[in-house]
Amino acid sequence: MTVEPPLTCAQARRRSRWRREWALPILLAVASSLWLLAVEGREGIGRDEAQYFRAGERYWGWVENAWLELGKGHLGRALSRSAIDGAWEDNHEHPPLMKLLYGLSWRAFHTCDCMGAKRGLHPIPIIGRHRTLPLFARESTAFRFPAILLAGLGVALVYWLARQMLQPLPAAVAAVLSVAQPHYFFHAQIACFDVPITVMAVLVALAYWKSLVSPRWGILCGLFWGLALATKHNAWLFPFFLLIHYLWMRRRDFLRLRPPRLPLAFVAMAVLGPVVLFGLWPWLWHNPVERTRAWIGRHTQHEHYNFEYLGRNWNLPPTRTELKLLRASFPFVTTLFAVPVTTLALAGVGTIVLGRRRRGKAGEVVALAPQSGRASWLRPGADVDRAPGVFLAVHIAGPVAILALPSTPIFGGMKHFLPAMPFLCVVAGAGVAWLGELARGLLRPGRLQRALPAALGALLCLPAVSETIRSHPDGLGHYNMLAGGFAGGATLGMNRQFWGYSVLPLLPWISDHRPASNRVYWHDVLHDAVSMYARDGRLPIGIGDVGVGEQMPARSDLGLVTLEKHFALYEGLEWAAYHTTKPSLVYTHEGVPFVVVYERHEPPPAQPESP
Amino acid sequence: MVEAANAWMAPTRAPTDRDWRAAAARVRAEFRPGDLIVAAPAWADPLMRHELGDLVPIAVAGRMDAADFGRVWEIAQRGARAPETAGGRVVQSSRHGALSLRLWEKPKSRVVFDFLAGWRTASLSVRRAGGETPCWLGQDRFQCGDGTGLGPELLEVDTTSRNGLGVEPQERATTALEYESVPLGHELTVAAGLHSVWLRKAGDGKVEVRVLIDGRAVGSLQASSASGWSLRRFDTTAWAGRSGRVRFEITTDKAYARHLGFNAEAREP
């Protein structure tokens, strides 16, 4: 038996610091990823996700082909415009980083039975059995894995960002609250871009914040912004948010009639950002200027898809003043009804705490590292207060303000201003810090006071975690206690779902009731999603899909309708086709219907024979 | 703590399949032909039809309004009330788990003439500056030489299914549907709206429906992308108890992506 020597003070400090700064966030990240991984199988495949699966597989197919060509000494073939466009034209309206990772993860971790009946369901030729590390039984899980890991990283990043101004416990609560939001949680486990770009927003913001006193982080900020650009177009806005903060932070320079220096972070973003984007996106390589213009144009002139908000179907920019005002309320009302009430209340307290903060005052719950001397373009925040309140405010108000413009499409619901949420949670963390101080003052020193931080943290996370568990797998249709939950949201006319993801629970029934004709109308479920359900073993291989279009219900014998307000048209078409208004099956969550299935119980009218 | 408790308790307060089956059994036991069954809030309608859809045929589900129904079965939850019960009184109520079942009775209109059901008795014409285009009665709709057609359809107007006569009006032309001799009451109810969420988005023209009886204009309705399902009640006291020649004249300023649906009944309120 050996006895360890007692720790020196320095060793004990190092260990405690390691636990605070690394072990805790890593634990939170791993726990979040495991949580997401444990439940992702209950969430269906959305339209966009199915397209990203397809594109990811194609992109990775190109990478493999390029590797093979390199081995043969013919890399030029893989780099030809036709070879690149053959793979990278697919879904080129979105940049490649996440799709590439989804493809890589699929290639590395799926359980391959690709040479059997599923061979024809792949978007690329399958020429042999894949050698993989078969971590996942379902191919869709292998695709989703990078998004789930990134969501876990996002939790750690929120912790680290919050730690720039808060003690460990409030920072940890902020991190938990950032993932324990029903809408965020819904998006965090799927192979899309909305949580990845949110994580990138935190990564860039953290790097920028640290760059105010550290040149190393200035360089990293540029690199991270490049990764953000390669993730989703929301990244275009990040520099504007940072610039507002920077100008505010250095506002005294203007009073001295000396404009602020251009900091290293912005220089790095301007240089490294486009380089990283270009390097990662082969679609740009042969025609960078025109294709970049096309990418920007696609998103600055995006169509307004249908979306329900407060009982109205919105699919065009409003023209009447009262509708413009109603439309402008969208991100505020949605946040009010979709974010857990406790999180909102803590953010309210945190806003007051940050607003009343006096820099440099001892005992403040929001405390920054002390100013460290002379400023330069390498350390532009070294001689001023770094204004954490404004920093968080611009990151919350920025995305929300964009969505408040009546001319901005709102079809993505909360996902389009999701990047505001981690920063809102850091503000909530400031509220937790204040509450902690208040509670500590009420208790006598002793065991109870020592147990207080953990108890308070758990207590404040419980409502948000409970709401999130309750919402799954239909987080899009969940609204908080103020709105009245799922039913309250439906009554208020808030959007319930999009992308047709919600059919998953019906698949066993549909498989069992597959019509003899095999004519199934899948409505909003994209063929790529049907194909992936089959690859996952959730639908029989070869199950029918009559396709999309208003004439298709009449050509089917079993049809679905996902219940969005504007899809009443398709329900009517199925009534007319099947001569009934009685659905054979309804999928509900807390009594609120999400999907209906109709069947033809009488033969269709005879079609005239073709000559 | 309240929020956490609510998160765990709320799912248990939602109506169960058993609640729906129990309420449906009660309705079935006392349902009479001509009764209307509705869910409140309206988003629960698919669940109601899942249990009782055989008693809600398309003709009822796509109704013009609820004025023709004197008895309304309302399956409600969370204190909601269906608009179809307006003006009624509860004559029966029962509780089935989280659902309330109420039978409402209210004064109902007597339909003197149903213009949708009687569409084949009408004649269609399209009049332009250059003259009149001939139209003829096909198997399931009128057809005209210029491509105009009119016939009964299940339409989607304002994201709700509606039975009506569907027509795609032409610019600089008047599409006229005329019923030669129609029995009339004190009221002529006309409803109109534009079909298809995609067409409403794509076009911005306005469609007008003018209503004339024996050549005299009694009123008009205008349908646009934002107007929804507009319902007007025209006073026809002057013709009550008599027959008249009823003409619907349909015009538009921009025909692109305009598909009008309309329905009408001569009623005795």
# chains A, B, ... in the order shown; residues from 1 in each chain; ligands from 1
$ interface_residues --of "chain A" --to "chain B" --cutoff "8 Å" --atoms "only C-alpha atoms" --output "mmCIF file with C-alpha atoms, in the first residue's frame"
data_model
loop_
_atom_site.group_PDB
_atom_site.id
_atom_site.type_symbol
_atom_site.label_atom_id
_atom_site.label_comp_id
_atom_site.auth_asym_id
_atom_site.auth_seq_id
_atom_site.Cartn_x
_atom_site.Cartn_y
_atom_site.Cartn_z
ATOM 1 C CA ASN A 315 -45.661 33.619 -46.945
ATOM 2 C CA LEU A 316 -45.058 37.125 -48.269
ATOM 3 C CA VAL A 341 -39.865 30.626 -18.278
ATOM 4 C CA THR A 342 -37.186 30.150 -15.624
ATOM 5 C CA LEU A 459 -32.914 23.796 -8.842
ATOM 6 C CA LEU A 462 -34.591 21.588 -13.394
ATOM 7 C CA PRO A 463 -37.467 23.488 -15.089
ATOM 8 C CA ALA A 464 -35.626 23.907 -18.380
ATOM 9 C CA SER A 466 -37.955 19.099 -17.539
ATOM 10 C CA GLU A 467 -39.495 21.170 -20.340
ATOM 11 C CA ARG A 470 -41.292 16.862 -22.114
ATOM 12 C CA MET A 481 -45.874 27.599 -19.465
ATOM 13 C CA GLY A 485 -47.529 24.116 -23.612
ATOM 14 C CA ALA A 490 -51.619 25.432 -31.034
ATOM 15 C CA THR A 491 -54.460 27.573 -29.717
ATOM 16 C CA LYS A 565 -51.693 25.606 -41.540
ATOM 17 C CA HIS A 566 -51.007 25.965 -45.253
ATOM 18 C CA PHE A 567 -51.220 22.223 -45.835
ATOM 19 C CA ALA A 568 -55.021 22.230 -45.485
ATOM 20 C CA LEU A 569 -54.960 22.125 -49.277
ATOM 21 C CA GLY A 572 -58.713 18.435 -48.821
ATOM 22 C CA LEU A 573 -57.112 16.669 -51.769
ATOM 23 C CA TRP A 575 -60.592 13.823 -48.637
ATOM 24 C CA ALA A 576 -61.561 14.193 -52.265
ATOM 25 C CA HIS A 579 -63.972 10.057 -50.258
ATOM 26 C CA THR A 580 -63.619 10.386 -46.535
ATOM 27 C CA THR A 581 -62.716 12.924 -43.881
ATOM 28 C CA LYS A 582 -61.885 10.196 -41.367
ATOM 29 C CA PRO A 583 -58.165 9.689 -40.839
ATOM 30 C CA SER A 584 -57.064 6.143 -40.162
ATOM 31 C CA LEU A 585 -54.384 7.348 -37.803
ATOM 32 C CA VAL A 586 -53.423 10.574 -36.053
ATOM 33 C CA GLU A 590 -49.986 15.898 -25.562
ATOM 34 C CA GLY A 591 -53.234 15.653 -27.467
ATOM 35 C CA VAL A 592 -52.156 18.035 -30.240
ATOM 36 C CA PRO A 593 -52.259 16.444 -33.697
ATOM 37 C CA VAL A 596 -52.780 12.351 -40.133
#
$ select_by_dssp --residues "segment 60-198 of chain B" --states "strand (DSSP E or B)" --output "PyMOL selection string"
chain B and resi 71-76+89-96+99-105+110-114+122-128+131-133+135-137+142-144+149-157+160-167+171+173-183+187-195
$ residues_around --residues "segment 179-187 of chain B" --least-positions-apart "5" --cutoff "8 Å" --atoms "only C-alpha atoms" --output "list in words"
Val112, Phe113, Thr121, Ala122, Ser123, Arg233, Phe234, Asp235, Thr236, Thr237, Ala238, Trp239, Ala240, Gly241, Arg242, Ser243, Gly244, Arg245, Val246, Arg247, Ala266, Arg267, Glu268 and Pro269 of chain B
$ residues_around --residues "Leu476 of chain A" --least-positions-apart "5" --cutoff "10 Å" --atoms "only C-alpha atoms" --output "list in words"
Pro182, His183, Tyr184, Phe185, Phe186, His187, Ala338, Gly413, Met414, Lys415, Ser471, Phe486, Met494, Asn495, Arg496, Gln497, Phe498 and Ser502 of chain A
$ write_last_selection --atoms "C-alpha atoms" --output "compact mmCIF listing (two decimals), in the first residue's frame"
# COMPACT_ATOMS: atom_id res chain seq x y z
CA PRO A 182 -36.95 22.59 -26.45
CA HIS A 183 -36.43 24.31 -29.80
CA TYR A 184 -32.65 24.36 -29.47
CA PHE A 185 -32.62 20.74 -28.36
CA PHE A 186 -34.69 19.75 -31.38
CA HIS A 187 -32.14 21.30 -33.73
CA ALA A 338 -40.60 29.18 -26.57
CA GLY A 413 -39.10 29.92 -36.76
CA MET A 414 -36.71 30.13 -33.86
CA LYS A 415 -33.89 28.43 -35.69
CA SER A 471 -40.96 18.36 -25.57
CA PHE A 486 -48.22 22.25 -26.82
CA MET A 494 -47.97 29.29 -33.23
CA ASN A 495 -46.10 27.13 -35.70
CA ARG A 496 -46.23 23.47 -34.75
CA GLN A 497 -43.69 21.89 -37.08
CA PHE A 498 -41.95 22.01 -40.43
CA SER A 502 -42.86 14.12 -37.38
$ atom_distance --atom1 "atom CA of Tyr159 of chain A" --atom2 "atom CA of Pro422 of chain A"
9.7 Å
$ residues_around --residues "Gly152 of chain A" --least-positions-apart "5" --cutoff "7 Å" --atoms "only C-alpha atoms" --output "MDAnalysis selection string"
chainID A and resid 29:30 32:33
$ write_last_selection --atoms "N, CA and C atoms" --output "CSV table (one decimal), in the first residue's frame"
chain,number,residue,atom,x,y,z
A,29,ALA,N,-20.1,18.9,-21.6
A,29,ALA,CA,-20.2,18.7,-23.1
A,29,ALA,C,-20.5,17.2,-23.3
A,30,VAL,N,-19.8,16.3,-22.6
A,30,VAL,CA,-20.0,14.9,-22.8
A,30,VAL,C,-21.4,14.5,-22.4
A,32,SER,N,-24.0,16.3,-22.4
A,32,SER,CA,-25.0,16.9,-23.4
A,32,SER,C,-25.0,16.0,-24.6
A,33,SER,N,-23.8,15.7,-25.1
A,33,SER,CA,-23.8,14.8,-26.3
A,33,SER,C,-24.4,13.5,-26.1
$ select_by_dssp --residues "segment 418-561 of chain A" --states "helix (DSSP H, G or I)" --output "number ranges by chain"
A: 418-442, 447-471, 475-477, 485-492, 501-512, 527-535, 553-555
$ write_last_selection --atoms "C-alpha atoms" --output "CSV table (one decimal), in the first residue's frame"
chain,number,residue,atom,x,y,z
A,418,LEU,CA,-31.0,30.6,-32.5
A,419,PRO,CA,-27.5,32.2,-32.3
A,420,ALA,CA,-28.9,34.6,-29.8
A,421,MET,CA,-29.8,31.9,-27.3
A,422,PRO,CA,-26.4,31.0,-25.8
A,423,PHE,CA,-25.8,34.7,-25.1
A,424,LEU,CA,-29.2,35.0,-23.5
A,425,CYS,CA,-28.2,32.0,-21.3
A,426,VAL,CA,-25.0,33.8,-20.3
A,427,VAL,CA,-27.1,36.7,-19.2
A,428,ALA,CA,-29.3,34.2,-17.3
A,429,GLY,CA,-26.0,33.1,-15.7
A,430,ALA,CA,-25.5,36.6,-14.4
A,431,GLY,CA,-29.0,36.3,-12.9
A,432,VAL,CA,-28.0,33.0,-11.3
A,433,ALA,CA,-24.9,34.7,-9.8
A,434,TRP,CA,-26.9,37.4,-8.3
A,435,LEU,CA,-29.4,34.9,-6.8
A,436,GLY,CA,-26.6,32.8,-5.5
A,437,GLU,CA,-25.1,35.9,-3.6
A,438,LEU,CA,-28.6,36.7,-2.3
A,439,ALA,CA,-29.2,33.2,-1.0
A,440,ARG,CA,-25.7,32.9,0.5
A,441,GLY,CA,-26.4,36.1,2.5
A,442,LEU,CA,-29.6,34.5,3.9
A,447,ARG,CA,-22.7,22.9,5.7
A,448,LEU,CA,-25.9,24.3,4.3
A,449,GLN,CA,-24.2,27.3,2.8
A,450,ARG,CA,-21.5,25.1,1.3
A,451,ALA,CA,-24.2,22.9,-0.4
A,452,LEU,CA,-26.0,25.9,-1.6
A,453,PRO,CA,-24.3,26.5,-5.0
A,454,ALA,CA,-24.9,22.9,-6.3
A,455,ALA,CA,-28.4,22.9,-4.9
A,456,LEU,CA,-29.3,26.2,-6.4
A,457,GLY,CA,-27.7,25.3,-9.8
A,458,ALA,CA,-29.7,22.0,-9.9
A,459,LEU,CA,-32.9,23.8,-8.8
A,460,LEU,CA,-32.6,26.5,-11.5
A,461,CYS,CA,-31.8,24.0,-14.3
A,462,LEU,CA,-34.6,21.6,-13.4
A,463,PRO,CA,-37.5,23.5,-15.1
A,464,ALA,CA,-35.6,23.9,-18.4
A,465,VAL,CA,-34.4,20.3,-18.4
A,466,SER,CA,-38.0,19.1,-17.5
A,467,GLU,CA,-39.5,21.2,-20.3
A,468,THR,CA,-36.9,19.8,-22.8
A,469,ILE,CA,-37.6,16.2,-21.8
A,470,ARG,CA,-41.3,16.9,-22.1
A,471,SER,CA,-41.0,18.4,-25.6
A,475,GLY,CA,-39.6,20.5,-29.7
A,476,LEU,CA,-40.8,22.6,-32.6
A,477,GLY,CA,-44.3,22.4,-31.4
A,485,GLY,CA,-47.5,24.1,-23.6
A,486,PHE,CA,-48.2,22.2,-26.8
A,487,ALA,CA,-52.0,22.9,-26.6
A,488,GLY,CA,-51.6,26.5,-25.7
A,489,GLY,CA,-49.2,27.1,-28.6
A,490,ALA,CA,-51.6,25.4,-31.0
A,491,THR,CA,-54.5,27.6,-29.7
A,492,LEU,CA,-52.4,30.7,-30.1
A,501,TYR,CA,-39.9,15.2,-39.6
A,502,SER,CA,-42.9,14.1,-37.4
A,503,VAL,CA,-43.9,11.0,-39.3
A,504,LEU,CA,-41.4,8.8,-37.6
A,505,PRO,CA,-43.8,7.3,-34.9
A,506,LEU,CA,-46.2,6.3,-37.7
A,507,LEU,CA,-43.7,4.3,-39.8
A,508,PRO,CA,-44.4,0.9,-38.2
A,509,TRP,CA,-48.1,1.4,-38.8
A,510,ILE,CA,-47.5,2.5,-42.4
A,511,SER,CA,-45.3,-0.5,-43.0
A,512,ASP,CA,-48.0,-2.8,-41.7
A,527,HIS,CA,-38.1,11.1,-51.0
A,528,ASP,CA,-34.5,11.3,-49.6
A,529,ALA,CA,-36.0,11.0,-46.1
A,530,VAL,CA,-38.2,8.0,-47.2
A,531,SER,CA,-35.0,6.5,-48.6
A,532,MET,CA,-33.1,7.0,-45.4
A,533,TYR,CA,-35.8,5.5,-43.3
A,534,ALA,CA,-35.5,2.4,-45.5
A,535,ARG,CA,-31.8,2.4,-45.1
A,553,PRO,CA,-53.1,12.1,-53.6
A,554,ALA,CA,-55.6,10.9,-56.3
A,555,ARG,CA,-53.0,8.4,-57.5
$ residues_around --residues "Asp85 of chain A" --least-positions-apart "6" --cutoff "12 Å" --atoms "only C-alpha atoms" --output "PyMOL selection string"
chain A and resi 55+58-59+62+78-79+91-92+281-287+291
